[in-house]
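Visitor: Pasting a structure here, questions to come.
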Amino acid sequence: MTISDGEEDDYYYNWNASRGLAAIASPYVGQALCRFGHATGQQCDNVDELSTCITYPGLPEMCRLVQMNHREGDSGDSGGPWFDPSTQYAVGIHSGYKNLLGAKSDLFSRIMYADEASAVIVLR
C-alpha cells in the first residue's frame with residue numbers, strides 16, 4: 001500500500017509534547033535512553049543487552065530485542081518510542097519486559113527493523 005500525502009513522523013516524548021523524527025540510530029550497551037509510555041510517562045534507563053529473545057504467552061518467540069537494565073514501564077506503555085535524549089534520535093518501540101530470576105528489564109524492538117517486521121517502508 002502506498003499513500004500519496006505521507007504521514008507525520010512525529011513521536012511523543014512527554015505528555016502533550018511531540019517532536020519530528022530527525023533520524024534513527026542504533027543503540028549500544030551502556031547508552032542512556034528514554035521511553036515515553038501512556039501509562040508511566042517518560043522514563044530513562046541504560047541499555048544492558050543488544051539482542052535478547054522472549055516468548056510472551058500465546059505469541060511466537062521474538063528475538064533481536066534490546067534489553068534495558070531495569071523495568072520502568074507498565075501495562076499500556078507498549079508501542080511507545082525509545083529515543084536518545086541527547087540527540088532526539090529514535091531508536092526503538094517499547095514491546096514489554098523480561099523477568100529473569102526476579103530481575104525485570106524493559107524490552108524494545110529497534111526502529112531500524114520496523115519496515116522488515118511490518119512490511120512497511122519508512123521513507124525519510
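Letters A, B, ... mark the chains of the C-alpha cells in the order given; residue numbers begin at 1 per chain; ligand numbers begin at 1, in order shown.
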Which residues are near Gly96 of chain A? Cut-off 8 Å, only C-alpha atoms, ignore same chain within fewer than 4 positions. Put them as number ranges by chain.

Guide: A: 73-74, 77-78, 106-108

Visitor: Write out as a PyMOL selection string all residues of chain A that DSSP puts in alpha helix (DSSP H) for this structure's backbone.

Guide: chain A and resi 114-118

Visitor: In terms of the shortest atom-to-atom distance over only C-alpha atoms, which of A:Gly79, A:Thr52, A:Val91, A:Glu72 is closest to Ala22 of chain A?

Guide: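 Smallest separation from Ala22 of chain A among the options: A:Val91.
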
Visitor: When you count only C-alpha atoms, which of these residues is closest to Pro27 of chain A: A:Gly76, A:Gly92, A:Pro81, A:Pro60?

Guide: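 Looking at the shortest contact to Pro27 of chain A, the residue is A:Gly92.
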
Visitor: Tell me, counting only C-alpha atoms, for each residue of segment 64-114 of chain A within 8 Å of segment 42-47 of chain A, which pair of atoms is nearest and how far apart they are in Å to one decimal, in rows ordered by chain and increasing number, as a tab-separated table.

Guide:
```
residue	atom	partner	partner_atom	distance
A:Val66	CA	A:Val47	CA	7.2
A:Gln67	CA	A:Val47	CA	6.1
A:Met68	CA	A:Val47	CA	4.4
A:Asn69	CA	A:Asn46	CA	5.8
A:His70	CA	A:Asp45	CA	7.0
A:Glu72	CA	A:Gln43	CA	6.4
A:Gly73	CA	A:Gln43	CA	7.6
```

Visitor: Find, counting only C-alpha atoms, the residue in A:Ala23, A:Cys34, A:Leu65, A:Ala17 that gets nearest to Pro85 of chain A.

Guide: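 With only C-alpha atoms as the atom set, the closest residue is A:Cys34.
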
Visitor: Assign secondary structure with DSSP using the backbone only, and return the residues of chain A in strand (DSSP E) as a short mmCIF file (atom, residue, chain, number, x, y, z; two decimals) with C-alpha atoms, in the first residue's frame.

Guide:
```cif
data_model
loop_
_atom_site.label_atom_id
_atom_site.label_comp_id
_atom_site.auth_asym_id
_atom_site.auth_seq_id
_atom_site.Cartn_x
_atom_site.Cartn_y
_atom_site.Cartn_z
CA ASP A 10 6.36 12.96 14.94
CA TYR A 11 6.60 10.99 18.17
CA TYR A 12 5.60 11.81 21.72
CA TYR A 13 8.46 12.25 24.16
CA ASN A 14 6.36 13.57 27.05
CA ALA A 17 4.72 17.14 23.68
CA SER A 18 5.90 15.70 20.39
CA ARG A 19 8.80 16.28 18.03
CA GLY A 20 9.59 15.45 14.43
CA ALA A 32 21.23 6.17 28.23
CA LEU A 33 17.84 6.15 26.50
CA CYS A 34 14.38 7.39 27.37
CA ARG A 35 10.94 5.99 26.66
CA PHE A 36 7.56 7.65 26.66
CA GLY A 37 4.62 5.44 27.55
CA GLY A 41 5.14 8.86 31.04
CA GLN A 42 8.83 9.45 30.32
CA GLN A 43 11.32 7.09 31.96
CA CYS A 44 15.05 6.73 31.24
CA ASP A 45 17.46 3.82 31.68
CA ASN A 46 20.65 2.30 30.20
CA VAL A 47 20.97 -0.40 27.56
CA ASP A 48 22.02 -3.76 29.03
CA GLU A 49 21.90 -6.17 26.05
CA LEU A 50 21.52 -5.66 22.31
CA SER A 51 19.91 -8.94 21.30
CA THR A 52 17.67 -10.95 23.57
CA CYS A 53 14.66 -13.19 22.96
CA ILE A 54 11.35 -13.64 24.76
CA MET A 62 10.53 -12.68 19.48
CA CYS A 63 14.25 -12.06 19.13
CA ARG A 64 16.66 -9.21 18.37
CA LEU A 65 15.10 -7.18 21.19
CA VAL A 66 17.13 -4.61 23.12
CA GLN A 67 17.11 -5.14 26.89
CA MET A 68 17.40 -2.30 29.37
CA PRO A 81 9.02 5.34 21.47
CA TRP A 82 12.55 4.82 22.83
CA PHE A 83 14.87 7.70 21.94
CA ALA A 90 14.54 7.43 17.62
CA VAL A 91 15.97 4.00 18.46
CA GLY A 92 13.03 1.72 19.19
CA ILE A 93 9.45 0.83 20.06
CA HIS A 94 8.59 -0.49 23.52
CA SER A 95 7.40 -4.10 23.50
CA GLY A 96 7.24 -5.20 27.13
CA TYR A 97 9.61 -6.64 29.69
CA LYS A 98 11.61 -9.72 30.58
CA ASN A 99 11.61 -11.37 34.00
CA LEU A 100 14.76 -13.38 34.62
CA ALA A 103 15.05 -9.23 37.77
CA LYS A 104 12.75 -7.37 35.37
CA SER A 105 14.01 -5.40 32.36
CA ASP A 106 12.22 -3.35 29.70
CA LEU A 107 12.49 -4.58 26.10
CA PHE A 108 12.13 -2.79 22.80
CA SER A 109 12.32 -3.52 19.09
CA ARG A 110 14.85 -1.50 17.14
#
```
